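Enquirer: Structure supplied as query.tsv; contents: TSV, N, CA and C atoms.
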chain	number	residue	atom	x	y	z
S	1	MET	N	100.66	71.29	117.58
S	1	MET	CA	101.74	71.10	116.63
S	1	MET	C	101.26	70.34	115.40
S	2	ALA	N	100.50	69.29	115.60
S	2	ALA	CA	99.99	68.49	114.49
S	2	ALA	C	99.06	69.32	113.62
S	3	ILE	N	98.25	70.18	114.24
S	3	ILE	CA	97.34	71.03	113.49
S	3	ILE	C	98.14	72.01	112.64
S	4	SER	N	99.20	72.58	113.18
S	4	SER	CA	100.04	73.51	112.42
S	4	SER	C	100.66	72.82	111.22
S	5	ALA	N	101.17	71.61	111.40
S	5	ALA	CA	101.78	70.86	110.29
S	5	ALA	C	100.74	70.56	109.22
S	6	ALA	N	99.52	70.20	109.63
S	6	ALA	CA	98.46	69.91	108.66
S	6	ALA	C	98.09	71.16	107.88
S	7	LEU	N	98.00	72.30	108.56
S	7	LEU	CA	97.68	73.55	107.87
S	7	LEU	C	98.77	73.96	106.89
S	8	ILE	N	100.02	73.78	107.28
S	8	ILE	CA	101.13	74.10	106.38
S	8	ILE	C	101.11	73.18	105.17
S	9	ALA	N	100.87	71.88	105.37
S	9	ALA	CA	100.82	70.92	104.26
S	9	ALA	C	99.68	71.26	103.31
S	10	THR	N	98.50	71.60	103.87
S	10	THR	CA	97.36	71.98	103.05
S	10	THR	C	97.65	73.25	102.28
S	11	SER	N	98.24	74.23	102.93
S	11	SER	CA	98.59	75.49	102.29
S	11	SER	C	99.59	75.27	101.16
S	12	SER	N	100.58	74.42	101.38
S	12	SER	CA	101.58	74.13	100.34
S	12	SER	C	100.94	73.43	99.15
S	13	ALA	N	100.04	72.49	99.41
S	13	ALA	CA	99.37	71.77	98.33
S	13	ALA	C	98.52	72.73	97.51
S	14	GLN	N	97.82	73.65	98.19
S	14	GLN	CA	97.00	74.61	97.47
S	14	GLN	C	97.86	75.56	96.66
S	15	ALA	N	99.01	75.92	97.16
S	15	ALA	CA	99.90	76.84	96.44
S	15	ALA	C	100.42	76.20	95.16
S	16	ARG	N	100.48	74.88	95.10
S	16	ARG	CA	101.00	74.19	93.91
S	16	ARG	C	99.97	74.05	92.80
S	17	VAL	N	98.69	74.30	93.09
S	17	VAL	CA	97.67	74.18	92.06
S	17	VAL	C	97.88	75.30	91.05
S	18	GLN	N	98.05	74.91	89.81
S	18	GLN	CA	98.32	75.89	88.76
S	18	GLN	C	97.02	76.49	88.23
S	19	SER	N	97.14	77.69	87.71
S	19	SER	CA	96.00	78.36	87.09
S	19	SER	C	95.68	77.66	85.77
S	20	PRO	N	94.46	77.83	85.25
S	20	PRO	CA	94.14	77.24	83.95
S	20	PRO	C	95.14	77.65	82.86
S	21	GLU	N	95.56	78.90	82.87
S	21	GLU	CA	96.53	79.37	81.87
S	21	GLU	C	97.86	78.63	82.01
S	22	GLN	N	98.32	78.43	83.25
S	22	GLN	CA	99.58	77.71	83.46
S	22	GLN	C	99.47	76.26	83.03
S	23	VAL	N	98.34	75.63	83.30
S	23	VAL	CA	98.14	74.23	82.92
S	23	VAL	C	98.19	74.09	81.40
S	24	VAL	N	97.46	74.95	80.70
S	24	VAL	CA	97.43	74.86	79.24
S	24	VAL	C	98.79	75.23	78.64
S	25	GLN	N	99.47	76.20	79.22
S	25	GLN	CA	100.81	76.54	78.73
S	25	GLN	C	101.75	75.34	78.88
S	26	HIS	N	101.69	74.65	80.01
S	26	HIS	CA	102.50	73.44	80.20
S	26	HIS	C	102.13	72.38	79.18
S	27	HIS	N	100.83	72.22	78.94
S	27	HIS	CA	100.36	71.26	77.94
S	27	HIS	C	100.94	71.58	76.56
S	28	ILE	N	100.91	72.84	76.18
S	28	ILE	CA	101.44	73.25	74.87
S	28	ILE	C	102.93	72.93	74.79
S	29	GLU	N	103.68	73.24	75.83
S	29	GLU	CA	105.12	72.96	75.83
S	29	GLU	C	105.40	71.46	75.74
S	30	ALA	N	104.65	70.67	76.49
S	30	ALA	CA	104.83	69.21	76.44
S	30	ALA	C	104.42	68.65	75.08
S	31	PHE	N	103.36	69.19	74.51
S	31	PHE	CA	102.91	68.77	73.18
S	31	PHE	C	103.97	69.09	72.14
S	32	ARG	N	104.51	70.30	72.22
S	32	ARG	CA	105.55	70.72	71.28
S	32	ARG	C	106.76	69.77	71.35
S	33	ALA	N	107.07	69.30	72.56
S	33	ALA	CA	108.19	68.38	72.75
S	33	ALA	C	107.82	66.94	72.37
S	34	GLY	N	106.54	66.69	72.13
S	34	GLY	CA	106.11	65.33	71.80
S	34	GLY	C	106.16	64.39	72.99
S	35	ASP	N	106.04	64.92	74.21
S	35	ASP	CA	106.19	64.14	75.44
S	35	ASP	C	104.81	63.79	76.02
S	36	VAL	N	104.31	62.62	75.67
S	36	VAL	CA	102.98	62.19	76.10
S	36	VAL	C	102.89	62.11	77.62
S	37	ASP	N	103.90	61.53	78.27
S	37	ASP	CA	103.86	61.41	79.73
S	37	ASP	C	103.75	62.78	80.40
S	38	GLU	N	104.47	63.75	79.88
S	38	GLU	CA	104.42	65.10	80.46
S	38	GLU	C	103.05	65.74	80.21
S	39	MET	N	102.46	65.51	79.02
S	39	MET	CA	101.13	66.05	78.73
S	39	MET	C	100.10	65.48	79.69
S	40	LEU	N	100.21	64.18	79.98
S	40	LEU	CA	99.22	63.52	80.82
S	40	LEU	C	99.22	64.05	82.25
S	41	LYS	N	100.31	64.65	82.68
S	41	LYS	CA	100.36	65.23	84.03
S	41	LYS	C	99.34	66.35	84.19
S	42	ASP	N	98.89	66.93	83.07
S	42	ASP	CA	97.95	68.04	83.10
S	42	ASP	C	96.49	67.59	83.18
S	43	TYR	N	96.22	66.30	83.00
S	43	TYR	CA	94.85	65.80	82.92
S	43	TYR	C	94.37	65.18	84.22
S	44	ALA	N	93.10	65.40	84.53
S	44	ALA	CA	92.47	64.75	85.67
S	44	ALA	C	92.29	63.27	85.33
S	45	PRO	N	92.25	62.40	86.33
S	45	PRO	CA	92.07	60.97	86.06
S	45	PRO	C	90.80	60.65	85.28
S	46	ASN	N	89.76	61.46	85.44
S	46	ASN	CA	88.48	61.23	84.75
S	46	ASN	C	88.28	62.19	83.58
S	47	ALA	N	89.36	62.71	83.02
S	47	ALA	CA	89.27	63.67	81.91
S	47	ALA	C	88.58	63.05	80.70
S	48	VAL	N	87.93	63.92	79.92
S	48	VAL	CA	87.29	63.52	78.68
S	48	VAL	C	87.85	64.39	77.56
S	49	ALA	N	88.22	63.74	76.46
S	49	ALA	CA	88.70	64.46	75.27
S	49	ALA	C	87.80	64.10	74.10
S	50	VAL	N	87.30	65.12	73.42
S	50	VAL	CA	86.45	64.92	72.24
S	50	VAL	C	87.19	65.55	71.07
S	51	VAL	N	87.68	64.71	70.17
S	51	VAL	CA	88.52	65.14	69.05
S	51	VAL	C	88.04	64.47	67.77
S	52	PRO	N	88.52	64.89	66.61
S	52	PRO	CA	88.03	64.30	65.36
S	52	PRO	C	88.16	62.78	65.25
S	53	ILE	N	89.12	62.18	65.95
S	53	ILE	CA	89.28	60.73	65.83
S	53	ILE	C	88.47	59.95	66.86
S	54	GLY	N	87.72	60.64	67.74
S	54	GLY	CA	86.87	59.95	68.70
S	54	GLY	C	86.74	60.66	70.02
S	55	THR	N	86.06	59.99	70.95
S	55	THR	CA	85.89	60.48	72.30
S	55	THR	C	86.66	59.56	73.23
S	56	PHE	N	87.44	60.13	74.12
S	56	PHE	CA	88.33	59.38	75.00
S	56	PHE	C	88.04	59.77	76.44
S	57	SER	N	87.76	58.78	77.28
S	57	SER	CA	87.41	59.02	78.68
S	57	SER	C	88.42	58.34	79.60
S	58	GLY	N	88.94	59.10	80.54
S	58	GLY	CA	89.91	58.57	81.48
S	58	GLY	C	91.33	58.70	80.96
S	59	ILE	N	92.26	58.70	81.88
S	59	ILE	CA	93.65	58.98	81.55
S	59	ILE	C	94.25	57.95	80.59
S	60	ALA	N	93.87	56.67	80.72
S	60	ALA	CA	94.41	55.63	79.83
S	60	ALA	C	93.96	55.88	78.39
S	61	GLN	N	92.70	56.24	78.21
S	61	GLN	CA	92.21	56.51	76.85
S	61	GLN	C	92.78	57.81	76.30
S	62	VAL	N	92.97	58.81	77.15
S	62	VAL	CA	93.59	60.06	76.69
S	62	VAL	C	95.02	59.77	76.23
S	63	ARG	N	95.73	58.92	76.94
S	63	ARG	CA	97.07	58.50	76.51
S	63	ARG	C	96.99	57.86	75.12
S	64	ASP	N	96.04	56.94	74.94
S	64	ASP	CA	95.88	56.29	73.64
S	64	ASP	C	95.63	57.31	72.54
S	65	MET	N	94.83	58.33	72.84
S	65	MET	CA	94.55	59.38	71.86
S	65	MET	C	95.84	60.06	71.42
S	66	PHE	N	96.68	60.46	72.38
S	66	PHE	CA	97.92	61.13	72.02
S	66	PHE	C	98.87	60.20	71.27
S	67	VAL	N	98.88	58.93	71.62
S	67	VAL	CA	99.72	57.97	70.90
S	67	VAL	C	99.23	57.84	69.46
S	68	GLN	N	97.91	57.77	69.26
S	68	GLN	CA	97.35	57.69	67.91
S	68	GLN	C	97.72	58.93	67.09
S	69	TYR	N	97.56	60.11	67.69
S	69	TYR	CA	97.93	61.33	66.98
S	69	TYR	C	99.42	61.35	66.67
S	70	GLY	N	100.24	60.88	67.57
S	70	GLY	CA	101.68	60.82	67.34
S	70	GLY	C	102.03	59.94	66.16
S	71	LYS	N	101.33	58.82	66.03
S	71	LYS	CA	101.57	57.92	64.89
S	71	LYS	C	101.13	58.54	63.57
S	72	MET	N	100.08	59.35	63.61
S	72	MET	CA	99.58	60.00	62.40
S	72	MET	C	100.45	61.17	61.98
S	73	ASP	N	101.22	61.71	62.91
S	73	ASP	CA	102.02	62.91	62.67
S	73	ASP	C	103.42	62.54	62.20
S	74	GLU	N	103.53	62.22	60.93
S	74	GLU	CA	104.84	61.84	60.38
S	74	GLU	C	105.75	63.04	60.17
S	75	THR	N	105.18	64.23	60.13
S	75	THR	CA	105.97	65.43	59.83
S	75	THR	C	106.46	66.13	61.09
S	76	ASN	N	106.08	65.63	62.26
S	76	ASN	CA	106.40	66.30	63.53
S	76	ASN	C	105.89	67.74	63.54
S	77	ALA	N	104.71	67.94	62.95
S	77	ALA	CA	104.12	69.28	62.89
S	77	ALA	C	103.91	69.87	64.27
S	78	HIS	N	103.75	69.00	65.27
S	78	HIS	CA	103.53	69.50	66.63
S	78	HIS	C	104.74	70.30	67.13
S	79	ARG	N	105.88	70.09	66.51
S	79	ARG	CA	107.07	70.82	66.93
S	79	ARG	C	107.21	72.16	66.22
S	80	THR	N	106.47	72.34	65.15
S	80	THR	CA	106.53	73.60	64.41
S	80	THR	C	105.13	74.21	64.34
S	81	PHE	N	104.63	74.57	65.50
S	81	PHE	CA	103.31	75.20	65.51
S	81	PHE	C	103.33	76.43	66.40
S	82	VAL	N	102.39	77.30	66.11
S	82	VAL	CA	102.23	78.54	66.85
S	82	VAL	C	100.89	78.44	67.57
S	83	ALA	N	100.87	78.83	68.83
S	83	ALA	CA	99.63	78.76	69.60
S	83	ALA	C	99.43	80.04	70.40
S	84	SER	N	98.18	80.42	70.55
S	84	SER	CA	97.83	81.54	71.41
S	84	SER	C	96.66	81.09	72.28
S	85	MET	N	96.51	81.73	73.43
S	85	MET	CA	95.45	81.35	74.36
S	85	MET	C	94.51	82.52	74.62
S	86	GLU	N	93.25	82.19	74.77
S	86	GLU	CA	92.23	83.15	75.21
S	86	GLU	C	91.66	82.61	76.51
S	87	MET	N	91.76	83.40	77.56
S	87	MET	CA	91.22	82.99	78.85
S	87	MET	C	89.74	83.36	78.88
S	88	ARG	N	88.93	82.42	79.33
S	88	ARG	CA	87.50	82.63	79.49
S	88	ARG	C	87.13	82.40	80.95
S	89	PRO	N	85.95	82.78	81.37
S	89	PRO	CA	85.56	82.55	82.77
S	89	PRO	C	85.45	81.06	83.10
S	90	ASN	N	85.48	80.76	84.38
S	90	ASN	CA	85.22	79.43	84.91
S	90	ASN	C	86.22	78.37	84.46
S	91	GLY	N	87.48	78.76	84.30
S	91	GLY	CA	88.51	77.79	83.98
S	91	GLY	C	88.53	77.32	82.54
S	92	VAL	N	87.91	78.06	81.66
S	92	VAL	CA	87.89	77.69	80.24
S	92	VAL	C	89.02	78.44	79.52
S	93	VAL	N	89.78	77.68	78.73
S	93	VAL	CA	90.87	78.26	77.95
S	93	VAL	C	90.68	77.81	76.51
S	94	VAL	N	90.71	78.77	75.60
S	94	VAL	CA	90.65	78.47	74.17
S	94	VAL	C	92.06	78.65	73.62
S	95	GLU	N	92.56	77.61	72.99
S	95	GLU	CA	93.87	77.67	72.34
S	95	GLU	C	93.64	77.69	70.83
S	96	ASN	N	94.15	78.70	70.17
S	96	ASN	CA	94.11	78.78	68.71
S	96	ASN	C	95.50	78.43	68.21
S	97	TRP	N	95.57	77.55	67.21
S	97	TRP	CA	96.87	77.05	66.78
S	97	TRP	C	97.01	77.03	65.26
S	98	THR	N	98.26	77.04	64.83
S	98	THR	CA	98.62	76.89	63.42
S	98	THR	C	99.79	75.91	63.35
S	99	PHE	N	99.58	74.81	62.64
S	99	PHE	CA	100.66	73.87	62.36
S	99	PHE	C	101.31	74.24	61.04
S	100	ASN	N	102.60	74.04	60.95
S	100	ASN	CA	103.36	74.31	59.72
S	100	ASN	C	103.07	75.70	59.16
S	101	PRO	N	103.19	76.74	59.98
S	101	PRO	CA	102.85	78.08	59.52
S	101	PRO	C	103.68	78.51	58.31
S	102	GLY	N	102.99	79.16	57.36
S	102	GLY	CA	103.66	79.69	56.19
S	102	GLY	C	104.03	78.68	55.14
S	103	THR	N	103.52	77.45	55.26
S	103	THR	CA	103.82	76.42	54.26
S	103	THR	C	102.53	75.97	53.58
S	104	LEU	N	102.66	75.18	52.54
S	104	LEU	CA	101.48	74.63	51.86
S	104	LEU	C	100.72	73.65	52.76
S	105	GLN	N	101.38	73.13	53.77
S	105	GLN	CA	100.75	72.18	54.70
S	105	GLN	C	100.14	72.88	55.91
S	106	GLN	N	100.07	74.20	55.90
S	106	GLN	CA	99.55	74.95	57.05
S	106	GLN	C	98.13	74.49	57.37
S	107	THR	N	97.89	74.25	58.65
S	107	THR	CA	96.58	73.88	59.17
S	107	THR	C	96.31	74.71	60.41
S	108	THR	N	95.08	75.17	60.56
S	108	THR	CA	94.73	75.94	61.75
S	108	THR	C	93.56	75.27	62.46
S	109	GLY	N	93.40	75.61	63.72
S	109	GLY	CA	92.29	75.06	64.48
S	109	GLY	C	92.27	75.61	65.89
S	110	SER	N	91.41	75.03	66.69
S	110	SER	CA	91.25	75.47	68.07
S	110	SER	C	91.04	74.28	68.99
S	111	ASP	N	91.53	74.43	70.20
S	111	ASP	CA	91.27	73.48	71.28
S	111	ASP	C	90.53	74.25	72.37
S	112	ILE	N	89.64	73.57	73.05
S	112	ILE	CA	88.96	74.14	74.20
S	112	ILE	C	89.27	73.25	75.39
S	113	PHE	N	89.73	73.87	76.47
S	113	PHE	CA	90.06	73.16	77.69
S	113	PHE	C	89.19	73.68	78.83
S	114	VAL	N	88.72	72.77	79.67
S	114	VAL	CA	88.08	73.14	80.93
S	114	VAL	C	89.01	72.62	82.02
S	115	VAL	N	89.52	73.53	82.82
S	115	VAL	CA	90.50	73.20	83.86
S	115	VAL	C	89.85	73.40	85.23
S	116	ARG	N	89.96	72.38	86.06
S	116	ARG	CA	89.46	72.45	87.43
S	116	ARG	C	90.55	71.97	88.37
S	117	ASP	N	90.79	72.70	89.42
S	117	ASP	CA	91.78	72.32	90.44
S	117	ASP	C	93.13	71.97	89.83
S	118	GLY	N	93.54	72.74	88.83
S	118	GLY	CA	94.86	72.56	88.23
S	118	GLY	C	94.98	71.39	87.27
S	119	LYS	N	93.87	70.80	86.85
S	119	LYS	CA	93.90	69.66	85.93
S	119	LYS	C	92.88	69.87	84.81
S	120	ILE	N	93.22	69.37	83.62
S	120	ILE	CA	92.29	69.43	82.49
S	120	ILE	C	91.21	68.37	82.73
S	121	LEU	N	89.98	68.82	82.78
S	121	LEU	CA	88.85	67.93	82.97
S	121	LEU	C	88.20	67.60	81.63
S	122	PHE	N	88.18	68.57	80.71
S	122	PHE	CA	87.57	68.39	79.40
S	122	PHE	C	88.45	69.06	78.36
S	123	HIS	N	88.60	68.39	77.21
S	123	HIS	CA	89.43	68.91	76.12
S	123	HIS	C	88.73	68.57	74.81
S	124	SER	N	88.49	69.57	73.99
S	124	SER	CA	87.99	69.30	72.64
S	124	SER	C	88.93	69.98	71.65
S	125	MET	N	89.02	69.40	70.48
S	125	MET	CA	89.94	69.93	69.46
S	125	MET	C	89.28	69.80	68.11
S	126	GLY	N	89.52	70.79	67.27
S	126	GLY	CA	89.03	70.70	65.92
S	126	GLY	C	89.80	71.60	64.99
S	127	PRO	N	90.21	71.04	63.84
S	127	PRO	CA	90.85	71.89	62.84
S	127	PRO	C	89.80	72.74	62.13
S	128	ASP	N	90.23	73.91	61.69
S	128	ASP	CA	89.35	74.73	60.86
S	128	ASP	C	89.24	74.03	59.51
S	129	THR	N	88.12	74.19	58.87
S	129	THR	CA	87.95	73.60	57.55
S	129	THR	C	87.70	74.70	56.54
S	130	PRO	N	88.21	74.53	55.34
S	130	PRO	CA	87.98	75.57	54.33
S	130	PRO	C	86.51	75.60	53.93
S	131	CYS	N	86.04	76.77	53.60
S	131	CYS	CA	84.67	76.92	53.14
S	131	CYS	C	84.55	76.32	51.73
S	132	MET	N	83.65	75.40	51.57
S	132	MET	CA	83.47	74.73	50.29
S	132	MET	C	82.15	75.18	49.63
S	133	ALA	N	81.77	76.41	49.86
S	133	ALA	CA	80.50	76.91	49.35
S	133	ALA	C	80.52	77.02	47.82
S	134	THR	N	79.37	76.81	47.23
S	134	THR	CA	79.21	76.96	45.79
S	134	THR	C	78.98	78.43	45.48
S	135	PRO	N	79.70	78.98	44.52
S	135	PRO	CA	79.50	80.40	44.18
S	135	PRO	C	78.07	80.67	43.73
S	136	VAL	N	77.55	81.83	44.10
S	136	VAL	CA	76.21	82.24	43.67
S	136	VAL	C	76.34	82.84	42.28
S	137	ARG	N	75.44	82.46	41.38
S	137	ARG	CA	75.47	82.99	40.00
S	137	ARG	C	74.39	83.99	39.80
Here is a file; write its structure as C-alpha cells.

Expert:
Amino acid sequence: MAISAALIATSSAQARVQSPEQVVQHHIEAFRAGDVDEMLKDYAPNAVAVVPIGTFSGIAQVRDMFVQYGKMDETNAHRTFVASMEMRPNGVVVENWTFNPGTLQQTTGSDIFVVRDGKILFHSMGPDTPCMATPVR
C-alpha cells in the first residue's frame, strides 16, 4: 500500500512539471501583469539571468533584477508588448518581443531561456540595437 501511494505521488508530481513552452508562456503572462512573485515561480532556485543591467544569480538576485526593471519602466511598456516563442531542442526557448508596438517608443529584442524540470535555469535578454554603420562613399 505504501509503495502504491509513493508511486501515485511521484506520478502526480511528474505530471505537474510544465513543458519549456508552458513555463515561458506563464512567464510572459506574469511579466505582462507586472507580477514579480508570479514570475519567480518559473525560476529554479539557482537560476542565472544575464541582462543589460548585469548578471544575477539565485532567486533573490533575480527578484532584484525584476524590481530594478520595474522601477525603470515608467511607461508600463511590459503591459503593451507582443511576444512570440521559438522552441529549440534541449529545453531552449527563444522569445522575440516588441514593446510599445507601432509607436515612436517601439523597442524590439529577444530573450533566451533554458528550462529544466519545469523551471528556468538560465535567462538572457537583449534589446535589438539600430545599425549605426557609416555609409560607404

Enquirer: CA of Arg16 in chain S and atom N of Asn96 in chain S, how far apart in Å?

Expert: 25.1 Å

Enquirer: In terms of the shortest atom-to-atom distance over only C-alpha atoms, which of S:Ser124, S:Glu21, S:Arg63, S:Met85 is closest to Lys41 in chain S?

Expert: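 Nearest candidate to Lys41 in chain S out of S:Ser124, S:Glu21, S:Arg63, S:Met85: S:Arg63.
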
Enquirer: Can you work out the spacing between CA of Phe81 in chain S and CA of Gly34 in chain S in Å, to one decimal?

Expert: 12.0 Å

Enquirer: What does the distance between atom N of Arg88 in chain S and atom C of Pro20 in chain S come to in Å, to one decimal place?

Expert: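 It comes out at 8.6 Å.
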
Enquirer: Quick one: residues within 8 Å of Gln22 in chain S, all atoms listed in the file, excluding same-chain residues fewer than 5 positions away - as a compact mmCIF listing (two decimals) with N, CA and C atoms, keeping the file's coordinate frame?

Expert:
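Full text of result.txt as output:
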# COMPACT_ATOMS: atom_id res chain seq x y z
N HIS S 27 100.83 72.22 78.94
CA HIS S 27 100.36 71.26 77.94
C HIS S 27 100.94 71.58 76.56
N ILE S 28 100.91 72.84 76.18
CA ILE S 28 101.44 73.25 74.87
C ILE S 28 102.93 72.93 74.79
N GLY S 118 93.54 72.74 88.83
CA GLY S 118 94.86 72.56 88.23
C GLY S 118 94.98 71.39 87.27

Enquirer: Which residue is closest to Val23 in chain S? Choose from S:Ala44, S:Ala49, S:Val62, S:Val36 and count only C-alpha atoms.

Expert: S:Ala44

Enquirer: Put a box with edges along x, y and z around all the listed atoms of range 85-96 of chain S, pad it by 8 Å on each side, then give me its centre and sizes in Å, one decimal, as lines of an AutoDock Vina configuration file.

Expert:
center_x = 90.9
center_y = 80.4
center_z = 76.6
size_x = 27.3
size_y = 22.1
size_z = 32.7

Enquirer: Find the residue from S:Gly126, S:Ser19, S:Tyr69, S:Gly91 that sits nearest to Thr108 in chain S; use all atoms listed in the file when measuring.

Expert: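 With all atoms listed in the file as the atom set, the closest residue is S:Gly126.
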
Enquirer: Quick one: DSSP alpha helix (DSSP H) residues in range 29-101 of chain S, as number ranges by chain?

Expert: S: 29-33, 36-40, 59-72

Enquirer: For those residues, write N, CA and C atoms to a file as an mmCIF file, keeping the file's coordinate frame.

Expert:
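Here's the written file again.cif:
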data_model
loop_
_atom_site.group_PDB
_atom_site.id
_atom_site.type_symbol
_atom_site.label_atom_id
_atom_site.label_comp_id
_atom_site.auth_asym_id
_atom_site.auth_seq_id
_atom_site.Cartn_x
_atom_site.Cartn_y
_atom_site.Cartn_z
ATOM 1 N N GLU S 29 103.680 73.240 75.830
ATOM 2 C CA GLU S 29 105.120 72.960 75.830
ATOM 3 C C GLU S 29 105.400 71.460 75.740
ATOM 4 N N ALA S 30 104.650 70.670 76.490
ATOM 5 C CA ALA S 30 104.830 69.210 76.440
ATOM 6 C C ALA S 30 104.420 68.650 75.080
ATOM 7 N N PHE S 31 103.360 69.190 74.510
ATOM 8 C CA PHE S 31 102.910 68.770 73.180
ATOM 9 C C PHE S 31 103.970 69.090 72.140
ATOM 10 N N ARG S 32 104.510 70.300 72.220
ATOM 11 C CA ARG S 32 105.550 70.720 71.280
ATOM 12 C C ARG S 32 106.760 69.770 71.350
ATOM 13 N N ALA S 33 107.070 69.300 72.560
ATOM 14 C CA ALA S 33 108.190 68.380 72.750
ATOM 15 C C ALA S 33 107.820 66.940 72.370
ATOM 16 N N VAL S 36 104.310 62.620 75.670
ATOM 17 C CA VAL S 36 102.980 62.190 76.100
ATOM 18 C C VAL S 36 102.890 62.110 77.620
ATOM 19 N N ASP S 37 103.900 61.530 78.270
ATOM 20 C CA ASP S 37 103.860 61.410 79.730
ATOM 21 C C ASP S 37 103.750 62.780 80.400
ATOM 22 N N GLU S 38 104.470 63.750 79.880
ATOM 23 C CA GLU S 38 104.420 65.100 80.460
ATOM 24 C C GLU S 38 103.050 65.740 80.210
ATOM 25 N N MET S 39 102.460 65.510 79.020
ATOM 26 C CA MET S 39 101.130 66.050 78.730
ATOM 27 C C MET S 39 100.100 65.480 79.690
ATOM 28 N N LEU S 40 100.210 64.180 79.980
ATOM 29 C CA LEU S 40 99.220 63.520 80.820
ATOM 30 C C LEU S 40 99.220 64.050 82.250
ATOM 31 N N ILE S 59 92.260 58.700 81.880
ATOM 32 C CA ILE S 59 93.650 58.980 81.550
ATOM 33 C C ILE S 59 94.250 57.950 80.590
ATOM 34 N N ALA S 60 93.870 56.670 80.720
ATOM 35 C CA ALA S 60 94.410 55.630 79.830
ATOM 36 C C ALA S 60 93.960 55.880 78.390
ATOM 37 N N GLN S 61 92.700 56.240 78.210
ATOM 38 C CA GLN S 61 92.210 56.510 76.850
ATOM 39 C C GLN S 61 92.780 57.810 76.300
ATOM 40 N N VAL S 62 92.970 58.810 77.150
ATOM 41 C CA VAL S 62 93.590 60.060 76.690
ATOM 42 C C VAL S 62 95.020 59.770 76.230
ATOM 43 N N ARG S 63 95.730 58.920 76.940
ATOM 44 C CA ARG S 63 97.070 58.500 76.510
ATOM 45 C C ARG S 63 96.990 57.860 75.120
ATOM 46 N N ASP S 64 96.040 56.940 74.940
ATOM 47 C CA ASP S 64 95.880 56.290 73.640
ATOM 48 C C ASP S 64 95.630 57.310 72.540
ATOM 49 N N MET S 65 94.830 58.330 72.840
ATOM 50 C CA MET S 65 94.550 59.380 71.860
ATOM 51 C C MET S 65 95.840 60.060 71.420
ATOM 52 N N PHE S 66 96.680 60.460 72.380
ATOM 53 C CA PHE S 66 97.920 61.130 72.020
ATOM 54 C C PHE S 66 98.870 60.200 71.270
ATOM 55 N N VAL S 67 98.880 58.930 71.620
ATOM 56 C CA VAL S 67 99.720 57.970 70.900
ATOM 57 C C VAL S 67 99.230 57.840 69.460
ATOM 58 N N GLN S 68 97.910 57.770 69.260
ATOM 59 C CA GLN S 68 97.350 57.690 67.910
ATOM 60 C C GLN S 68 97.720 58.930 67.090
ATOM 61 N N TYR S 69 97.560 60.110 67.690
ATOM 62 C CA TYR S 69 97.930 61.330 66.980
ATOM 63 C C TYR S 69 99.420 61.350 66.670
ATOM 64 N N GLY S 70 100.240 60.880 67.570
ATOM 65 C CA GLY S 70 101.680 60.820 67.340
ATOM 66 C C GLY S 70 102.030 59.940 66.160
ATOM 67 N N LYS S 71 101.330 58.820 66.030
ATOM 68 C CA LYS S 71 101.570 57.920 64.890
ATOM 69 C C LYS S 71 101.130 58.540 63.570
ATOM 70 N N MET S 72 100.080 59.350 63.610
ATOM 71 C CA MET S 72 99.580 60.000 62.400
ATOM 72 C C MET S 72 100.450 61.170 61.980
#

Enquirer: For a cut-off of 8 Å around (98.9, 83.5, 63.4), file coordinates, pick out all residues using only N, CA and C atoms and list them as a PDB file with N, CA and C atoms, in the frame of the given file.

Expert:
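Wrote it out as point17.pdb, contents follow:
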ATOM      1  N   VAL S  82     102.390  77.300  66.110  1.00  0.00           N
ATOM      2  CA  VAL S  82     102.230  78.540  66.850  1.00  0.00           C
ATOM      3  C   VAL S  82     100.890  78.440  67.570  1.00  0.00           C
ATOM      4  N   ALA S  83     100.870  78.830  68.830  1.00  0.00           N
ATOM      5  CA  ALA S  83      99.630  78.760  69.600  1.00  0.00           C
ATOM      6  C   ALA S  83      99.430  80.040  70.400  1.00  0.00           C
ATOM      7  N   SER S  84      98.180  80.420  70.550  1.00  0.00           N
ATOM      8  CA  SER S  84      97.830  81.540  71.410  1.00  0.00           C
ATOM      9  C   SER S  84      96.660  81.090  72.280  1.00  0.00           C
ATOM     10  N   ASN S  96      94.150  78.700  70.170  1.00  0.00           N
ATOM     11  CA  ASN S  96      94.110  78.780  68.710  1.00  0.00           C
ATOM     12  C   ASN S  96      95.500  78.430  68.210  1.00  0.00           C
ATOM     13  N   TRP S  97      95.570  77.550  67.210  1.00  0.00           N
ATOM     14  CA  TRP S  97      96.870  77.050  66.780  1.00  0.00           C
ATOM     15  C   TRP S  97      97.010  77.030  65.260  1.00  0.00           C
ATOM     16  N   THR S  98      98.260  77.040  64.830  1.00  0.00           N
ATOM     17  CA  THR S  98      98.620  76.890  63.420  1.00  0.00           C
ATOM     18  C   THR S  98      99.790  75.910  63.350  1.00  0.00           C
ATOM     19  N   PRO S 101     103.190  76.740  59.980  1.00  0.00           N
ATOM     20  CA  PRO S 101     102.850  78.080  59.520  1.00  0.00           C
ATOM     21  C   PRO S 101     103.680  78.510  58.310  1.00  0.00           C
TER      22      PRO S 101
END

Enquirer: For Phe99 in chain S, which residue out of S:His123, S:Arg116, S:Lys71, S:Arg32 is the nearest one, using only C-alpha atoms?

Expert: S:Arg32
